[in-house]
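Below is the file start_6.tsv, which contains TSV, C-alpha atoms.
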chain	number	residue	atom	x	y	z
A	74	MET	CA	39.08	9.93	-32.05
A	75	SER	CA	39.31	6.58	-30.29
A	76	ARG	CA	41.07	5.08	-33.33
A	77	SER	CA	43.94	7.51	-33.62
A	78	VAL	CA	47.68	7.94	-33.44
A	79	LEU	CA	48.65	9.90	-30.34
A	80	ALA	CA	51.73	12.11	-30.05
A	81	GLY	CA	53.10	13.98	-27.06
A	82	ILE	CA	54.36	17.47	-27.84
A	83	ASP	CA	56.15	20.03	-25.65
A	84	GLY	CA	57.47	22.48	-28.24
A	85	SER	CA	60.99	21.01	-28.32
A	86	GLY	CA	62.64	19.97	-31.57
A	87	HIS	CA	62.61	16.38	-30.33
A	88	SER	CA	58.85	16.36	-29.88
A	89	LEU	CA	58.23	18.08	-33.22
A	90	GLU	CA	60.25	15.38	-35.02
A	91	ALA	CA	58.16	12.78	-33.21
A	92	ALA	CA	54.94	14.59	-34.19
A	93	ASP	CA	56.00	14.54	-37.84
A	94	TRP	CA	56.73	10.80	-37.59
A	95	ALA	CA	53.31	10.34	-35.98
A	96	ALA	CA	51.66	12.33	-38.77
A	97	ARG	CA	53.17	10.06	-41.40
A	98	GLU	CA	52.03	7.02	-39.45
A	99	ALA	CA	48.49	8.38	-39.08
A	100	VAL	CA	48.31	8.92	-42.85
A	101	LEU	CA	49.55	5.37	-43.48
A	102	ARG	CA	46.89	3.97	-41.12
A	103	GLY	CA	44.13	6.27	-42.37
A	104	VAL	CA	43.34	7.52	-38.86
A	105	PRO	CA	43.45	10.96	-37.20
A	106	LEU	CA	46.44	12.35	-35.30
A	107	ARG	CA	45.87	13.57	-31.76
A	108	LEU	CA	48.47	15.92	-30.25
A	109	VAL	CA	48.63	16.16	-26.45
A	110	HIS	CA	50.47	18.91	-24.60
A	111	ALA	CA	50.88	18.72	-20.83
A	112	LEU	CA	51.39	22.05	-19.08
A	113	PRO	CA	54.83	22.24	-17.44
A	114	PRO	CA	54.89	21.55	-13.68
A	115	LEU	CA	54.41	24.66	-11.57
A	116	PRO	CA	56.33	25.40	-8.36
A	117	GLY	CA	54.22	25.07	-5.24
A	118	ASP	CA	50.46	25.16	-4.84
A	119	ALA	CA	49.85	28.90	-4.73
A	120	VAL	CA	50.58	29.82	-8.35
A	121	PRO	CA	49.01	33.11	-9.48
A	122	ALA	CA	46.14	32.62	-11.91
A	123	PRO	CA	47.71	34.96	-14.53
A	124	ALA	CA	50.82	32.74	-14.63
A	125	VAL	CA	48.71	29.65	-15.20
A	126	GLN	CA	46.77	31.41	-17.94
A	127	THR	CA	49.97	32.56	-19.62
A	128	LEU	CA	51.32	29.01	-19.71
A	129	HIS	CA	48.02	27.81	-21.13
A	130	ASP	CA	48.07	30.48	-23.85
A	131	VAL	CA	51.69	29.69	-24.80
A	132	GLY	CA	50.82	26.00	-25.01
A	133	GLU	CA	47.77	26.68	-27.15
A	134	ARG	CA	49.77	28.77	-29.61
A	135	MET	CA	52.41	26.05	-29.81
A	136	LEU	CA	49.74	23.43	-30.53
A	137	GLN	CA	48.13	25.56	-33.23
A	138	ARG	CA	51.50	26.16	-34.93
A	139	ALA	CA	52.22	22.42	-34.89
A	140	ILE	CA	48.78	21.62	-36.29
A	141	ALA	CA	49.18	24.18	-39.08
A	142	ASP	CA	52.67	22.95	-39.95
A	143	LEU	CA	51.68	19.29	-40.03
A	144	GLY	CA	48.54	20.07	-42.01
A	145	ALA	CA	50.57	21.95	-44.62
A	146	ARG	CA	53.01	19.05	-45.04
A	147	HIS	CA	50.35	16.34	-44.94
A	148	PRO	CA	47.18	17.73	-46.56
A	149	GLU	CA	45.29	14.46	-46.11
A	150	LEU	CA	45.96	14.42	-42.35
A	151	ARG	CA	43.19	14.94	-39.81
A	152	VAL	CA	44.71	16.40	-36.66
A	153	ARG	CA	43.63	18.10	-33.47
A	154	GLY	CA	45.38	19.14	-30.27
A	155	GLU	CA	44.53	19.30	-26.62
A	156	GLN	CA	46.10	20.50	-23.38
A	157	THR	CA	46.05	18.91	-19.97
A	158	ALA	CA	47.14	19.96	-16.50
A	159	ASP	CA	48.35	16.45	-15.67
A	160	ALA	CA	52.05	15.58	-15.54
A	161	PRO	CA	53.34	14.56	-19.01
A	162	ALA	CA	53.70	10.83	-18.32
A	163	VAL	CA	50.32	10.66	-16.56
A	164	ALA	CA	48.61	12.55	-19.39
A	165	LEU	CA	50.11	10.37	-22.13
A	166	LEU	CA	49.41	7.10	-20.34
A	167	GLY	CA	45.80	8.13	-19.81
A	168	ALA	CA	45.31	9.20	-23.42
A	169	ALA	CA	47.04	6.06	-24.71
A	170	ARG	CA	44.28	3.82	-23.33
A	171	GLY	CA	42.13	4.66	-26.35
A	172	ALA	CA	44.85	5.05	-29.00
A	173	GLU	CA	46.22	2.68	-31.61
A	174	LEU	CA	49.73	3.99	-31.13
A	175	LEU	CA	51.60	6.52	-28.98
A	176	VAL	CA	54.55	8.37	-30.52
A	177	ILE	CA	56.94	10.38	-28.39
A	178	GLY	CA	60.36	11.93	-28.78
A	179	ALA	CA	63.06	9.94	-27.04
A	180	ARG	CA	63.86	13.20	-25.26
A	181	GLY	CA	61.70	16.20	-24.48
A	182	SER	CA	62.56	19.74	-23.53
A	183	GLY	CA	64.19	18.65	-20.28
A	184	GLY	CA	67.28	16.54	-19.68
A	185	PHE	CA	70.81	17.44	-20.66
A	186	ASP	CA	73.18	17.16	-23.61
A	187	GLY	CA	74.11	13.54	-24.27
A	188	LEU	CA	70.93	12.12	-22.70
A	189	ALA	CA	69.53	9.56	-25.14
A	190	VAL	CA	66.15	8.80	-23.56
A	191	GLY	CA	64.25	10.95	-21.10
A	192	SER	CA	62.21	9.88	-18.09
A	193	VAL	CA	58.82	10.58	-19.73
A	194	ALA	CA	59.73	8.47	-22.78
A	195	LEU	CA	60.96	5.60	-20.62
A	196	GLY	CA	57.93	5.78	-18.35
A	197	THR	CA	55.41	5.70	-21.17
A	198	ALA	CA	57.24	2.97	-23.08
A	199	ALA	CA	57.24	0.85	-19.92
A	200	ALA	CA	53.58	1.22	-19.01
A	201	ALA	CA	51.39	2.31	-21.95
A	202	ALA	CA	48.46	0.11	-22.89
A	203	CYS	CA	49.20	0.50	-26.61
A	204	PRO	CA	52.43	0.21	-28.63
A	205	VAL	CA	54.81	3.15	-28.17
A	206	VAL	CA	57.23	4.48	-30.79
A	207	LEU	CA	60.21	6.43	-29.45
A	208	VAL	CA	61.72	8.70	-32.09
A	209	PRO	CA	65.37	9.66	-31.55
A	210	GLU	CA	66.70	13.18	-31.99
A	211	ARG	CA	68.10	12.53	-35.47
A	212	PRO	CA	66.28	9.48	-36.86
A	213	VAL	CA	67.94	7.68	-39.75
A	214	GLY	CA	66.21	6.35	-42.84
A	215	ALA	CA	63.24	7.67	-44.71
A	216	PHE	CA	62.19	10.07	-41.94
A	217	ASP	CA	65.36	12.20	-41.78
A	218	GLY	CA	64.74	14.20	-44.93
A	219	GLY	CA	64.35	11.56	-47.61
A	220	THR	CA	68.04	10.82	-48.25
A	221	ARG	CA	67.43	7.08	-48.52
A	222	GLU	CA	66.83	5.60	-51.96
A	223	ALA	CA	63.20	5.00	-52.84
A	224	GLY	CA	61.99	1.53	-51.94
A	225	ALA	CA	64.89	0.95	-49.53
A	226	ALA	CA	62.85	1.19	-46.30
A	227	GLN	CA	63.19	-1.69	-43.86
A	228	VAL	CA	61.40	-2.83	-40.70
A	229	VAL	CA	63.59	-4.72	-38.24
A	230	VAL	CA	61.99	-6.92	-35.60
A	231	GLY	CA	63.47	-8.81	-32.68
A	232	PHE	CA	62.22	-12.38	-33.04
A	233	ASP	CA	62.53	-15.45	-30.82
A	234	ALA	CA	61.55	-18.62	-32.65
A	235	HIS	CA	61.54	-20.55	-29.37
A	236	ARG	CA	58.93	-18.22	-27.84
A	237	PRO	CA	57.37	-16.23	-30.71
A	238	VAL	CA	55.22	-13.26	-29.68
A	239	ASP	CA	52.25	-12.72	-31.97
A	240	GLU	CA	51.70	-9.07	-31.00
A	241	VAL	CA	55.27	-8.09	-31.89
A	242	ALA	CA	55.32	-9.99	-35.19
A	243	GLU	CA	51.89	-8.65	-36.17
A	244	PHE	CA	52.98	-5.06	-35.55
A	245	ALA	CA	56.20	-5.49	-37.56
A	246	PHE	CA	54.61	-7.19	-40.57
A	247	ALA	CA	51.68	-4.76	-40.65
A	248	ALA	CA	54.10	-1.81	-40.52
A	249	ALA	CA	56.16	-3.30	-43.33
A	250	GLU	CA	53.08	-3.94	-45.47
A	251	ALA	CA	51.91	-0.33	-45.02
A	252	ARG	CA	55.35	0.95	-46.04
A	253	ARG	CA	55.78	-1.61	-48.84
A	254	ALA	CA	59.01	-2.52	-47.10
A	255	PRO	CA	60.71	-5.82	-46.23
A	256	VAL	CA	60.91	-7.27	-42.73
A	257	ARG	CA	64.28	-8.20	-41.32
A	258	ALA	CA	63.64	-10.66	-38.48
A	259	VAL	CA	66.62	-10.90	-36.13
A	260	GLN	CA	67.17	-13.77	-33.74
A	261	ALA	CA	70.18	-13.86	-31.46
A	262	TRP	CA	71.27	-17.23	-30.18
A	263	ALA	CA	73.83	-18.57	-27.74
A	264	LEU	CA	75.79	-21.81	-27.62
A	265	PRO	CA	73.81	-24.48	-25.73
A	266	ALA	CA	74.77	-25.59	-22.26
A	267	GLU	CA	76.35	-28.81	-23.55
A	268	ALA	CA	78.92	-26.69	-25.40
A	269	VAL	CA	80.66	-26.07	-22.07
A	270	SER	CA	82.07	-29.00	-20.11
A	271	PRO	CA	85.26	-29.89	-18.21
A	272	ARG	CA	86.29	-32.16	-21.09
A	273	THR	CA	85.65	-29.63	-23.86
A	274	LEU	CA	88.00	-26.66	-24.10
A	275	PHE	CA	86.65	-25.36	-27.39
A	276	VAL	CA	83.65	-25.70	-29.67
A	277	THR	CA	84.30	-27.38	-32.98
A	278	GLU	CA	83.19	-25.63	-36.14
A	279	GLU	CA	81.09	-28.68	-37.00
A	280	ASP	CA	79.16	-28.51	-33.71
A	281	ARG	CA	78.66	-24.78	-34.06
A	282	ALA	CA	77.33	-25.20	-37.61
A	283	THR	CA	74.94	-27.94	-36.47
A	284	TRP	CA	73.50	-25.80	-33.67
A	285	GLU	CA	73.19	-22.80	-35.98
A	286	ASP	CA	71.38	-24.88	-38.62
A	287	GLN	CA	68.88	-25.94	-35.96
A	288	GLU	CA	68.25	-22.32	-35.05
A	289	VAL	CA	67.81	-21.34	-38.71
A	290	LEU	CA	65.28	-24.13	-39.32
A	291	GLN	CA	63.28	-23.24	-36.23
A	292	MET	CA	63.29	-19.59	-37.27
A	293	ALA	CA	62.03	-20.48	-40.76
A	294	ASP	CA	59.19	-22.55	-39.28
A	295	ALA	CA	58.15	-19.79	-36.86
A	296	LEU	CA	58.15	-17.11	-39.58
A	297	ARG	CA	56.07	-19.14	-42.03
A	298	THR	CA	52.79	-18.13	-40.37
A	299	TRP	CA	53.53	-14.45	-40.92
A	300	GLN	CA	54.84	-14.94	-44.43
A	301	ASP	CA	51.58	-16.69	-45.30
A	302	LYS	CA	49.51	-13.91	-43.71
A	303	TYR	CA	51.53	-11.13	-45.40
A	304	PRO	CA	52.54	-12.62	-48.78
A	305	GLU	CA	53.44	-9.19	-50.19
A	306	VAL	CA	56.08	-8.61	-47.51
A	307	THR	CA	59.57	-9.85	-48.30
A	308	THR	CA	61.14	-11.45	-45.23
A	309	ARG	CA	64.80	-11.79	-44.41
A	310	ALA	CA	65.78	-13.92	-41.42
A	311	ASP	CA	69.04	-13.21	-39.58
A	312	VAL	CA	70.22	-15.74	-37.01
A	313	VAL	CA	73.32	-14.41	-35.27
A	314	LEU	CA	75.57	-15.60	-32.47
A	315	LEU	CA	75.45	-12.35	-30.48
A	316	HIS	CA	73.88	-10.75	-27.45
A	317	PRO	CA	70.29	-9.83	-28.44
A	318	ALA	CA	70.78	-6.09	-27.87
A	319	GLN	CA	73.92	-6.01	-30.00
A	320	ALA	CA	72.26	-8.02	-32.76
A	321	LEU	CA	69.32	-5.61	-32.90
A	322	LEU	CA	71.52	-2.53	-32.79
A	323	ASN	CA	73.62	-3.86	-35.68
A	324	ALA	CA	70.51	-4.57	-37.77
A	325	SER	CA	68.80	-1.27	-36.95
A	326	ARG	CA	71.63	0.76	-38.49
A	327	GLY	CA	69.91	0.20	-41.81
A	328	GLY	CA	66.34	0.22	-40.55
A	329	ASP	CA	63.51	2.75	-40.62
A	330	LEU	CA	61.73	1.13	-37.68
A	331	LEU	CA	62.88	-1.34	-35.04
A	332	VAL	CA	60.17	-3.39	-33.32
A	333	VAL	CA	60.71	-4.98	-29.91
A	334	GLY	CA	58.41	-6.40	-27.26
A	335	ARG	CA	57.61	-5.56	-23.66
A	336	ARG	CA	56.12	-8.20	-21.39
A	337	THR	CA	53.27	-6.75	-19.34
A	338	ASP	CA	53.17	-7.64	-15.67
A	339	ALA	CA	50.04	-7.01	-13.62
A	340	ARG	CA	52.13	-7.11	-10.44
A	341	ALA	CA	54.24	-4.16	-11.58
A	342	ALA	CA	51.89	-1.17	-11.38
A	343	GLU	CA	54.34	1.16	-13.17
A	344	GLY	CA	55.39	-1.34	-15.83
A	345	ARG	CA	58.92	-2.30	-16.72
A	346	LEU	CA	61.27	-2.60	-19.66
A	347	GLY	CA	63.44	-5.67	-20.15
A	348	PRO	CA	67.23	-5.24	-20.36
A	349	VAL	CA	67.36	-5.78	-24.13
A	350	THR	CA	64.68	-3.18	-24.86
A	351	HIS	CA	66.28	-0.77	-22.38
A	352	ALA	CA	69.69	-1.12	-24.08
A	353	VAL	CA	68.23	-0.70	-27.55
A	354	LEU	CA	66.34	2.47	-26.61
A	355	HIS	CA	69.50	4.10	-25.28
A	356	HIS	CA	71.75	3.31	-28.24
A	357	THR	CA	69.81	3.14	-31.52
A	358	ARG	CA	69.23	6.06	-33.89
A	359	CYS	CA	66.32	4.25	-35.48
A	360	PRO	CA	62.73	4.86	-34.25
A	361	VAL	CA	61.82	2.01	-31.91
A	362	ALA	CA	58.34	0.54	-31.45
A	363	VAL	CA	57.82	-1.07	-28.04
A	364	VAL	CA	54.87	-3.47	-28.28
A	365	PRO	CA	53.25	-4.74	-25.05
A	366	HIS	CA	52.32	-8.40	-24.81
A	367	ALA	CA	51.11	-10.69	-22.08
A	368	GLY	CA	53.19	-13.77	-22.97
structure tokens encoding of this file:
Amino acid sequence: MSRSVLAGIDGSGHSLEAADWAAREAVLRGVPLRLVHALPPLPGDAVPAPAVQTLHDVGERMLQRAIADLGARHPELRVRGEQTADAPAVALLGAARGAELLVIGARGSGGFDGLAVGSVALGTAAAAACPVVLVPERPVGAFDGGTREAGAAQVVVGFDAHRPVDEVAEFAFAAAEARRAPVRAVQAWALPAEAVSPRTLFVTEEDRATWEDQEVLQMADALRTWQDKYPEVTTRADVVLLHPAQALLNASRGGDLLVVGRRTDARAAEGRLGPVTHAVLHHTRCPVAVVPHAG
């Protein structure tokens, strides 16, 4: 099962929603689904063997129920489950080394009311070797019960025409093609440094329009490669004068999947999330794919 979609599951409603999202994705990709359950941490070192066995049995029953439920809803799905004694984040990061995609609930069974993203979700999104999709508690769009009109799915991607990231764009366009959905590429821009000077108290509308036109043209040029590679995918480019996180949050209100990047850093052993990705994860109701890249 090296080519598989991986999902972390702990029996919570959050993780079951994520497992269902992962099942749909596995079917779209034509690969198996692999469910991983990490046994909950035990207090101290001297834990009675019967207690450990009980936890293992409870976890096994939970996995089998999830497998049966997903199999009934997705007959074409190939799925298996496994348990591990490792801590959840350690187990998922290890399993993710051989996966195409890791899917996890934004929150697990821990945390508290009002918590948007749990520590395991943040840790895996920051350090996994493969792309990670964080599924919120009540995802909007086609995965919340089918209330959206048919054919209205949309993949939103954060895009920087000045420094385009191939891995992020590839993931977004491939996801859109599989869903027969359009891509909405969002680029946030800011007024250039020359807009602020001691002799200029305001920016003229003409100057603003000129700078915006330049951004739009550069965006169109940068997207052309992906439009040529995915001719069946309709592309909409949004160039907005906003903070990047706010621009992505606004666009994701109508999205089924939001795709953002995470720069990998060999010097940071535990990985890290940039401020834009961190803000998006805490505030969007749309499933978010965090795609690692070296650039």
Choose the residue, out of A:Met135, A:Val363, A:Ala248, A:Leu112, that has the smallest atom-to-atom separation from A:His351; count all atoms listed in the file.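 The shortest atom-to-atom distance to A:His351 comes from A:Val363.
Every protein, DNA or RNA residue with an atom at most 9 Å from A:Leu128, where all atoms listed in the file count and chain neighbours fewer than 4 positions away do not, is listed here: Leu112, Pro113, Pro123, Ala124, Gly132 and Glu133 of chain A.
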At a cut-off of 6 Å, using all atoms listed in the file, what residues contact stretch 77-85 of chain A? Leave out same-chain residues fewer than 2 positions from it and give the result as JSON, numbers by chain. {"A": [74, 75, 87, 88, 92, 99, 104, 105, 106, 107, 108, 109, 110, 172, 173, 174, 175, 176, 177, 182]}
Which neighbours of A:Ala200 fall inside 10 Å, counting all atoms listed in the file, when residues of the same chain fewer than 2 positions from it are skipped, and could you give them as a PyMOL selection string? chain A and resi 162+166+169+195-198+202-205+335+337-338+341-346+365
C-alpha atoms of the current selection, written as a short mmCIF file (atom, residue, chain, number, x, y, z; two decimals), in the coordinates of the input:
data_model
loop_
_atom_site.label_atom_id
_atom_site.label_comp_id
_atom_site.auth_asym_id
_atom_site.auth_seq_id
_atom_site.Cartn_x
_atom_site.Cartn_y
_atom_site.Cartn_z
CA ALA A 162 53.70 10.83 -18.32
CA LEU A 166 49.41 7.10 -20.34
CA ALA A 169 47.04 6.06 -24.71
CA LEU A 195 60.96 5.60 -20.62
CA GLY A 196 57.93 5.78 -18.35
CA THR A 197 55.41 5.70 -21.17
CA ALA A 198 57.24 2.97 -23.08
CA ALA A 202 48.46 0.11 -22.89
CA CYS A 203 49.20 0.50 -26.61
CA PRO A 204 52.43 0.21 -28.63
CA VAL A 205 54.81 3.15 -28.17
CA ARG A 335 57.61 -5.56 -23.66
CA THR A 337 53.27 -6.75 -19.34
CA ASP A 338 53.17 -7.64 -15.67
CA ALA A 341 54.24 -4.16 -11.58
CA ALA A 342 51.89 -1.17 -11.38
CA GLU A 343 54.34 1.16 -13.17
CA GLY A 344 55.39 -1.34 -15.83
CA ARG A 345 58.92 -2.30 -16.72
CA LEU A 346 61.27 -2.60 -19.66
CA PRO A 365 53.25 -4.74 -25.05
#
With distances taken over all atoms listed in the file, which of A:Ala352, A:Val332, A:Ala95, A:Leu296 is nearest to A:Asp311?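 Among the listed residues, A:Leu296 lies closest to A:Asp311.
Considering only C-alpha atoms, the residue among A:Arg236, A:His355, A:His366, A:His147 positioned nearest to A:Val208 is A:His355.
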Please determine, counting only C-alpha atoms, which residue among A:Pro161, A:Arg358, A:Asp239, A:Pro121 has the shortest atom-to-atom distance to A:Asp329.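 Using only C-alpha atoms, the shortest distance to A:Asp329 belongs to A:Arg358.
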Using atom CA of A:Val349 and atom CA of A:Ala254 as the two end points, give the distance in Å to one decimal. 24.7 Å
For A:Trp284, which residue among A:Leu314, A:Arg257, A:Ala122, A:Val131 is the nearest when counting only C-alpha atoms? A:Leu314
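Interatomic distance, atom CA of A:Asp286 against atom CA of A:Thr308: 18.1 Å.
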Near-A:Asp294 list (12 Å; all atoms listed in the file; drop same-chain fewer than 4 positions) as number ranges by chain: A: 233-235, 237, 287-290, 298-301, 310
Pull C-alpha atoms from the residues just selected and write them as a PDB file, in the frame of the given file.
ATOM      1  CA  ASP A 233      62.530 -15.450 -30.820  1.00  0.00           C
ATOM      2  CA  ALA A 234      61.550 -18.620 -32.650  1.00  0.00           C
ATOM      3  CA  HIS A 235      61.540 -20.550 -29.370  1.00  0.00           C
ATOM      4  CA  PRO A 237      57.370 -16.230 -30.710  1.00  0.00           C
ATOM      5  CA  GLN A 287      68.880 -25.940 -35.960  1.00  0.00           C
ATOM      6  CA  GLU A 288      68.250 -22.320 -35.050  1.00  0.00           C
ATOM      7  CA  VAL A 289      67.810 -21.340 -38.710  1.00  0.00           C
ATOM      8  CA  LEU A 290      65.280 -24.130 -39.320  1.00  0.00           C
ATOM      9  CA  THR A 298      52.790 -18.130 -40.370  1.00  0.00           C
ATOM     10  CA  TRP A 299      53.530 -14.450 -40.920  1.00  0.00           C
ATOM     11  CA  GLN A 300      54.840 -14.940 -44.430  1.00  0.00           C
ATOM     12  CA  ASP A 301      51.580 -16.690 -45.300  1.00  0.00           C
ATOM     13  CA  ALA A 310      65.780 -13.920 -41.420  1.00  0.00           C
TER      14      ALA A 310
END
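Residue nearest A:Glu90 within the list A:Pro360, A:Trp262, A:Tyr303, A:Glu285: A:Pro360 [criterion: smallest interatomic distance, only C-alpha atoms].
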